[in-house]
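Here the structure comes first, spelled out in structure tokens, and everything after it is commentary.
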Number of protein chains: 2
Amino acid sequence: MSTNNTQIPYKIYLEEKEMPRQWYNVRAHMKNKPAPLLNPATLQPMTARELGQVFCDELVKQELDDSNPYIDIPVEIVDFYKMYRPSPLVRAYCLEKKLQTPAKIYYKFEGNNTSGSHKLNSAIAQAYYAKKQGLKGVTTETGAGQWGTALSMACSYFDLDCKVYMVKVSYEQKPFRREVMRTYGASVTPSPSETTEVGRRILAEHPGTTGSLGCAISEAVETATSMEGYRYVLGSVLNQVLLHQSVIGLETKTALDKYGIVPDIIIGCAGGGSNLGGLISPFMGEKLRGERDYQIIAVEPASCPSFTRGRYAYDYCDTGRVCPLSKMYTLGSGFIPSANHAGGLRYHGMSSTLSQLYDDGLMEARSVEQTAVFQAAEQFARIEGILPAPESAHAIRVAIDEAMKCKETGETKTIVFGLTGTGYFDMVAYEKYNNGEMTDYIPTEADLEAGFAGLPKIL
Amino acid sequence: MSTNNTQIPYKIYLEEKEMPRQWYNVRAHMKNKPAPLLNPATLQPMTARELGQVFCDELVKQELDDSNPYIDIPVEIVDFYKMYRPSPLVRAYCLEKKLQTPAKIYYKFEGNNTSGSHKLNSAIAQAYYAKKQGLKGVTTETGAGQWGTALSMACSYFDLDCKVYMVKVSYEQKPFRREVMRTYGASVTPSPSETTEVGRRILAEHPGTTGSLGCAISEAVETATSMEGYRYVLGSVLNQVLLHQSVIGLETKTALDKYGIVPDIIIGCAGGGSNLGGLISPFMGEKLRGERDYQIIAVEPASCPSFTRGRYAYDYCDTGRVCPLSKMYTLGSGFIPSANHAGGLRYHGMSSTLSQLYDDGLMEARSVEQTAVFQAAEQFARIEGILPAPESAHAIRVAIDEAMKCKETGETKTIVFGLTGTGYFDMVAYEKYNNGEMTDYIPTEADLEAGFAGLPKIL
């Protein structure tokens with residue numbers, strides 16, 4: 001596509017005044033809206049009142065709003081954003097040169113804050129609304145630890161109590177993540193734990209379990225709903241999270257527009273969908289409104305392939321089945337990635353918004369194996385100077401693959417990908433890769449069938 | 001001082017074209033030049049030829065040049081700088097508000113790159129000149145690990161071999177630092193080691209030693225000088241390093257000038273002096289030329305107080321006494337900070353340039369205890385959202401102290417400090433602080449006398 005190539009700097013930083021003042025709600029422009037959350041007892045759509053027992057009131061409104069395309073960002077949140085945003089859109093000149101590709105590669109880098117990722121964009125919003133509602137604190141789960149760190153930072157800023165359930169395998173692989181969260185005043189519990197009923201039940205059923213996001217969610221929700229003045233918050237999957245994360249895509253689009261750059265391909269890693277949903281939102285908006293077309297690619301681990309091998313169905317969001325049901329691409333709420341899986345992106349399901357867009361053919365998905373992902377991570381680190389999070393490296397893998405295709409065909413495509421964060425707390429996984437001890441595991445059909453067997457019997 | 005306060009953003013980013021194209025060599029404007037390095041055998045000033053056996057030729061030139069004020073930055077280095085620079089100059093609005101101080105606080109943040117600190121500024125320059133000279137590789141030492149990481153990144157970019165001797169106590173406290181360096185292709189050896197003659201000698205004399213920078217330097221120098229096609233590089237102390245680090249101060253000054261801001265106080269942490277020397281250089285230049293006055297404060301650990309309690313004398317730069325002698329503020333080359341000292345800034349001496357400036361009364365120095373440093377680090381992290389390196393937190397401590405003085409006096413001073421890096425690999429120290437287990441240790445007079453006893457008998 002046409003690109004005005006003159007004097008594009010290595011890093012495009014927007015000015016403060018160019019930062020978005022409204023989030024973009026892509027659901028407003030979707031013809032087929034994402035399916036509503038269902039009450040697991042009645043199988044009826046969750047009402048605002050029901051959701052309000054788990055989530056903050058203002059966030060419930062955002063969760064249910066599929067008609068307003070723009071929602072004002074409160075000034076307190078804009079001010080916090082100014083501490084670490086706008087994030088740079090980087091032209092990967094060095095990578096292009098090394099690959100000898102005619103493709104033009106850009107990445108939106110969200111790692112320049114202490115949470116190490118984009119997660120802070122939604123954490124600060126959720127903490128703000130909790131504070132505004134007069135709550136004492138919030139509970140949450142965390143997998144790779146980036147969401148928990150982000151929420152700890154946000155809660156510390158607004159002086160809220162923060163209780164984090166951390167997937168046990170990550171808790172053990174990332175002891176220093178725990179200390180960052182504690183430095184920000186949060187309490188961190190490995191999940192499953194003995195502190196909740198659902199945790200005790202899961203431990204009794206699966207004594208050796210290394211935990212899962214679905215299980216940690218159950219514990220966090222139980223804790224929030226059983227304590228006065230607490231609510232549960234979630235770092236991905238939900239509509240509200242994608243709404244807050246639209247700040248990534250909006251900044252990206254403004255930066256590209258400033259230089260007259262039109263991307264051909266937009267790539268993001270996808271676990272629950274928070275980064276991908278945020279990055280693509282304004283581009284998907286143009287696509288939905290018929291204004292422009294883009295190739296949009298979700299990248300997921302081959303070991304947890306909800307888009308590429310999952311089913312589009314109503315499923316439990318958590319292992320303990322205490323949460324509402326969501327219609328999404330899912331591997332079943334009992335699915336747990338094999339123990340050799342090193343990074344995040346280990347959630348069994350996917351954002352219902354992205355699931356609907358994918359089902360409507362508006363985006364595609366690819367799965368990649370982790371040794372190939374770490375190979376891309378190492379290559380990227382050495383050339384572009386940033387050590388990526390394993391999650392982010394999924395997007396790097398496919399960006400490099402697409403750039404190499406351009407080298408073969410001679411096409412000068414413009415590729416934009418989301419570099420969601422840094423890998424400074426993932427050195428156990430990098431060590432495994434450095435030592436040549438990393439392996440791949442692709443779930444067998446039997447593995448998947450076992451997961452699907454747990455799906456509830458709903459359309 | 002006068003400050004045009006209108007519309008100063010949270011973060012001032014220079015444009016690419018505003019980045020410095022020349023380093024500033026403060027020695028050119030010093031009336032009293034720093035004393036020359038001496039050959040330990042002859043006690044005569046080291047010649048370029050002698051220095052060339054240890055250092056790259058171009059770097060030797062820079063080391064000895066005390067007359068040219070500006071030295072061109074090669075375009076290859078400028079291009080690399082563009083990947084992670086300019087670094088932001090941040091207005092600490094949130095910290096000011098929380099402290100309720102009338103002071104205006106700015107910090108130059110050098111942590112937004114994978115080495116986690118300013119060290120990359122000199123690493124890339126030294127690797128470039130090594131490559132240009134056709135060398136196979138370089139050797140170095142690292143303490144806290146930031147320099148080693150920076151050099152690994154730089155060597156990987158220019159495809160040079162990189163051998164790092166890491167102070168044993170840091171190697172053990174920071175296993176993940178090692179993996180970052182390995183990811184960038186470096187080999188990392190805990191020091192003292194059995195791989196060198198000097199290492200074996202030190203191990204024999206002090207079997208339980210946790211190592212020191214001075215000792216790791218000896219090993220790195222021995223390795224470099226005993227291998228064909230290798231040279232030694234150093235991340236601090238040397239004139240050439242301060243020269244490269246002037247990019248910090250030059251960017252800071254350009255950013256301040258852009259908004260008509262004139263600082264009253266400039267604060268930097270000081271171990272060997274690389275960050276402080278770089279940050280203050282253009283301001284010190286104005287001071288030396290009689291154009292403007294600034295209060296300049298070096299902050300060092302009370303446990304390793306070379307400025308505040310050391311002697312200004314010729315001393316060995318390394319424990320093994322294989323390096324040239326340098327005239328500097330020093331605690332003696334045998335001085336090792338007590339084992340409870342958690343952060344970096346553990347070098348026994350100080351840059352000879354800064355030593356001369358300090359001796360001439362052009363800057364002052366303060367020492368601070370580590371529990372007070374971590375208290376400032378935690379406070380800063382929670383308010384400004386950046387988890388600082390313990391080293392950087394020394395400057396934060398004094399910046400907060402000065403801002404609180406302004407609160408008492410009502411003065412609206414403008415304070416600029418250097419935030420050299422992030423603490424993501426220092427979580428063992430943070431954990432100690434979080435658990436209330438951190439202690440302070442101030443060397444006794446006897447401790448210091450033991451160090452001074454090892455000073456060579458030269459003026």
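Letters A, B, ... go to the chains of the structure tokens in the order shown; residues in each chain start at 1; ligands are counted from 1 in the same order.
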
Please identify all polymer residues within 10 Å of Gly185 in chain B, counting only C-alpha atoms, omitting same-chain residues fewer than 5 positions from it, and present them as a list of chain:residue names. A:Glu378, A:Arg382, A:Asn434, B:Ser152, B:Met153, B:Cys155, B:Ser156, B:Asp159, B:Leu160, B:Asp161, B:Cys162, B:Lys163, B:Glu179, B:Val180

Could you please take those selected residues and save N, CA and C atoms as an mmCIF file, in the first residue's frame?
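Full text of part_36.cif as output:
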data_model
loop_
_atom_site.group_PDB
_atom_site.id
_atom_site.type_symbol
_atom_site.label_atom_id
_atom_site.label_comp_id
_atom_site.auth_asym_id
_atom_site.auth_seq_id
_atom_site.Cartn_x
_atom_site.Cartn_y
_atom_site.Cartn_z
ATOM 1 N N GLU A 378 15.008 -14.439 20.485
ATOM 2 C CA GLU A 378 16.450 -14.227 20.580
ATOM 3 C C GLU A 378 16.944 -13.371 19.415
ATOM 4 N N ARG A 382 18.597 -9.578 19.796
ATOM 5 C CA ARG A 382 19.954 -9.269 19.344
ATOM 6 C C ARG A 382 19.984 -8.154 18.303
ATOM 7 N N ASN A 434 18.229 -21.257 26.110
ATOM 8 C CA ASN A 434 19.687 -21.091 25.954
ATOM 9 C C ASN A 434 20.428 -22.414 26.111
ATOM 10 N N SER B 152 27.061 -7.012 26.383
ATOM 11 C CA SER B 152 26.584 -8.183 25.632
ATOM 12 C C SER B 152 25.715 -7.751 24.461
ATOM 13 N N MET B 153 24.819 -6.806 24.731
ATOM 14 C CA MET B 153 23.934 -6.313 23.669
ATOM 15 C C MET B 153 24.739 -5.649 22.556
ATOM 16 N N CYS B 155 27.937 -6.044 21.799
ATOM 17 C CA CYS B 155 28.779 -7.006 21.073
ATOM 18 C C CYS B 155 27.940 -7.854 20.128
ATOM 19 N N SER B 156 26.761 -8.236 20.577
ATOM 20 C CA SER B 156 25.883 -9.022 19.724
ATOM 21 C C SER B 156 25.522 -8.225 18.474
ATOM 22 N N ASP B 159 28.522 -8.279 16.352
ATOM 23 C CA ASP B 159 29.053 -9.617 16.119
ATOM 24 C C ASP B 159 30.481 -9.781 16.660
ATOM 25 N N LEU B 160 30.657 -9.374 17.911
ATOM 26 C CA LEU B 160 31.940 -9.526 18.601
ATOM 27 C C LEU B 160 31.781 -10.541 19.729
ATOM 28 N N ASP B 161 32.843 -11.284 20.018
ATOM 29 C CA ASP B 161 32.799 -12.160 21.189
ATOM 30 C C ASP B 161 32.870 -11.313 22.462
ATOM 31 N N CYS B 162 32.201 -11.779 23.500
ATOM 32 C CA CYS B 162 32.115 -10.990 24.733
ATOM 33 C C CYS B 162 32.298 -11.901 25.951
ATOM 34 N N LYS B 163 33.364 -11.670 26.723
ATOM 35 C CA LYS B 163 33.632 -12.469 27.918
ATOM 36 C C LYS B 163 33.472 -11.583 29.154
ATOM 37 N N GLU B 179 21.502 -14.998 32.422
ATOM 38 C CA GLU B 179 20.758 -15.530 31.271
ATOM 39 C C GLU B 179 20.489 -14.458 30.221
ATOM 40 N N VAL B 180 20.286 -13.219 30.654
ATOM 41 C CA VAL B 180 20.117 -12.156 29.658
ATOM 42 C C VAL B 180 21.406 -12.036 28.845
#

Could you list, with a cut-off of 7 Å and counting only C-alpha atoms, the residues of chain A near chain B, each shown with its nearest atom pair and the distance in Å rounded to one decimal, rows sorted by chain and ascending number, as JSON lines?
{"residue": "A:Pro9", "atom": "CA", "partner": "B:Glu16", "partner_atom": "CA", "distance": 6.7}
{"residue": "A:Tyr10", "atom": "CA", "partner": "B:Lys82", "partner_atom": "CA", "distance": 6.1}
{"residue": "A:Glu16", "atom": "CA", "partner": "B:Pro9", "partner_atom": "CA", "distance": 6.7}
{"residue": "A:Lys82", "atom": "CA", "partner": "B:Tyr10", "partner_atom": "CA", "distance": 6.1}
{"residue": "A:Met83", "atom": "CA", "partner": "B:Tyr10", "partner_atom": "CA", "distance": 6.3}
{"residue": "A:Asn112", "atom": "CA", "partner": "B:Asn112", "partner_atom": "CA", "distance": 5.9}
{"residue": "A:Asn113", "atom": "CA", "partner": "B:Ile386", "partner_atom": "CA", "distance": 6.6}
{"residue": "A:Thr114", "atom": "CA", "partner": "B:Ile386", "partner_atom": "CA", "distance": 5.4}
{"residue": "A:Met153", "atom": "CA", "partner": "B:Arg382", "partner_atom": "CA", "distance": 6.6}
{"residue": "A:Ser156", "atom": "CA", "partner": "B:Arg382", "partner_atom": "CA", "distance": 5.9}
{"residue": "A:Tyr157", "atom": "CA", "partner": "B:Arg382", "partner_atom": "CA", "distance": 6.2}
{"residue": "A:Phe176", "atom": "CA", "partner": "B:Met427", "partner_atom": "CA", "distance": 5.6}
{"residue": "A:Glu179", "atom": "CA", "partner": "B:Glu431", "partner_atom": "CA", "distance": 5.8}
{"residue": "A:Thr183", "atom": "CA", "partner": "B:Glu378", "partner_atom": "CA", "distance": 6.5}
{"residue": "A:Tyr184", "atom": "CA", "partner": "B:Arg382", "partner_atom": "CA", "distance": 6.0}
{"residue": "A:Glu378", "atom": "CA", "partner": "B:Thr183", "partner_atom": "CA", "distance": 6.5}
{"residue": "A:Arg382", "atom": "CA", "partner": "B:Ser156", "partner_atom": "CA", "distance": 5.9}
{"residue": "A:Ile383", "atom": "CA", "partner": "B:Tyr157", "partner_atom": "CA", "distance": 6.2}
{"residue": "A:Gly385", "atom": "CA", "partner": "B:Thr114", "partner_atom": "CA", "distance": 6.5}
{"residue": "A:Ile386", "atom": "CA", "partner": "B:Thr114", "partner_atom": "CA", "distance": 5.3}
{"residue": "A:Leu387", "atom": "CA", "partner": "B:Thr114", "partner_atom": "CA", "distance": 6.1}
{"residue": "A:Tyr424", "atom": "CA", "partner": "B:Tyr424", "partner_atom": "CA", "distance": 6.9}
{"residue": "A:Met427", "atom": "CA", "partner": "B:Phe176", "partner_atom": "CA", "distance": 5.6}
{"residue": "A:Tyr430", "atom": "CA", "partner": "B:Glu179", "partner_atom": "CA", "distance": 7.0}
{"residue": "A:Glu431", "atom": "CA", "partner": "B:Glu179", "partner_atom": "CA", "distance": 5.8}
{"residue": "A:Asn434", "atom": "CA", "partner": "B:Thr183", "partner_atom": "CA", "distance": 6.5}

So that I can see what lies close to range 402-413 of chain B, please list as a short mmCIF file (atom, residue, chain, number, x, y, z; two decimals) with N, CA, C and O atoms, in the first residue's frame the residues with an atom at most 8 Å from it, counting only C-alpha atoms and leaving out residues fewer than 3 positions away in the same chain.
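The file below, around_7.cif, is the result:
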data_model
loop_
_atom_site.label_atom_id
_atom_site.label_comp_id
_atom_site.auth_asym_id
_atom_site.auth_seq_id
_atom_site.Cartn_x
_atom_site.Cartn_y
_atom_site.Cartn_z
N MET B 1 15.40 29.60 40.42
CA MET B 1 15.74 30.25 39.15
C MET B 1 14.52 30.33 38.25
O MET B 1 13.50 29.69 38.49
N LEU B 99 4.55 14.83 47.67
CA LEU B 99 5.43 15.42 48.68
C LEU B 99 4.93 16.81 49.11
O LEU B 99 5.42 17.37 50.08
N GLN B 100 3.99 17.35 48.37
CA GLN B 100 3.49 18.72 48.61
C GLN B 100 4.64 19.72 48.70
O GLN B 100 4.71 20.55 49.60
N THR B 101 5.53 19.58 47.74
CA THR B 101 6.70 20.46 47.72
C THR B 101 6.55 21.51 46.62
O THR B 101 5.99 21.22 45.56
N PRO B 102 7.03 22.72 46.88
CA PRO B 102 7.04 23.73 45.81
C PRO B 102 8.17 23.51 44.81
O PRO B 102 8.23 24.17 43.78
N ALA B 103 9.07 22.57 45.12
CA ALA B 103 10.18 22.27 44.20
C ALA B 103 9.64 21.66 42.92
O ALA B 103 8.58 21.02 42.91
N LYS B 104 10.37 21.89 41.84
CA LYS B 104 10.04 21.24 40.57
C LYS B 104 11.08 20.16 40.34
O LYS B 104 12.27 20.42 40.34
N ILE B 105 10.59 18.94 40.15
CA ILE B 105 11.51 17.80 40.07
C ILE B 105 11.47 17.19 38.67
O ILE B 105 10.39 16.88 38.15
N PRO B 263 17.98 24.44 35.85
CA PRO B 263 18.00 23.72 37.13
C PRO B 263 18.84 24.45 38.18
O PRO B 263 19.79 25.16 37.84
N ASP B 264 18.44 24.30 39.44
CA ASP B 264 19.26 24.79 40.55
C ASP B 264 20.18 23.70 41.06
O ASP B 264 21.33 23.96 41.39
N ILE B 265 19.64 22.49 41.14
CA ILE B 265 20.39 21.37 41.73
C ILE B 265 20.40 20.21 40.74
O ILE B 265 19.37 19.87 40.16
N VAL B 398 18.25 11.60 47.70
CA VAL B 398 18.70 12.98 47.92
C VAL B 398 17.78 13.98 47.21
O VAL B 398 17.53 15.08 47.73
N ALA B 399 17.21 13.59 46.07
CA ALA B 399 16.26 14.48 45.39
C ALA B 399 15.04 14.72 46.29
O ALA B 399 14.56 15.86 46.43
#

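The neighbours of range 352-359 of chain B here are the residues that come within 8 Å of it, using only C-alpha atoms and leaving out any residue fewer than 6 positions away in the same chain; they are Arg27, Asn32, Lys33, Pro34, Ala35, Val237, Leu238, Asn239, Gly273, Gly277, Phe307, Tyr312, Ser326, Lys327, Met328 and Tyr329 of chain B.
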
Env of Ile396 in chain A: 8 Å cut, atoms = only C-alpha atoms, seq-sep filter 3 positions within chain, self excluded. Answer as number ranges by chain. A: 373, 376-377, 380, 392-393, 399-400, 417, 419

Of A:Tyr129, A:Phe452, A:Tyr441, A:Tyr232, the one sitting nearest Pro74 in chain A when using only C-alpha atoms is A:Tyr129

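If you look at CA of Arg231 in chain B and CA of Leu325 in chain B, they are 18.4 Å away from each other.
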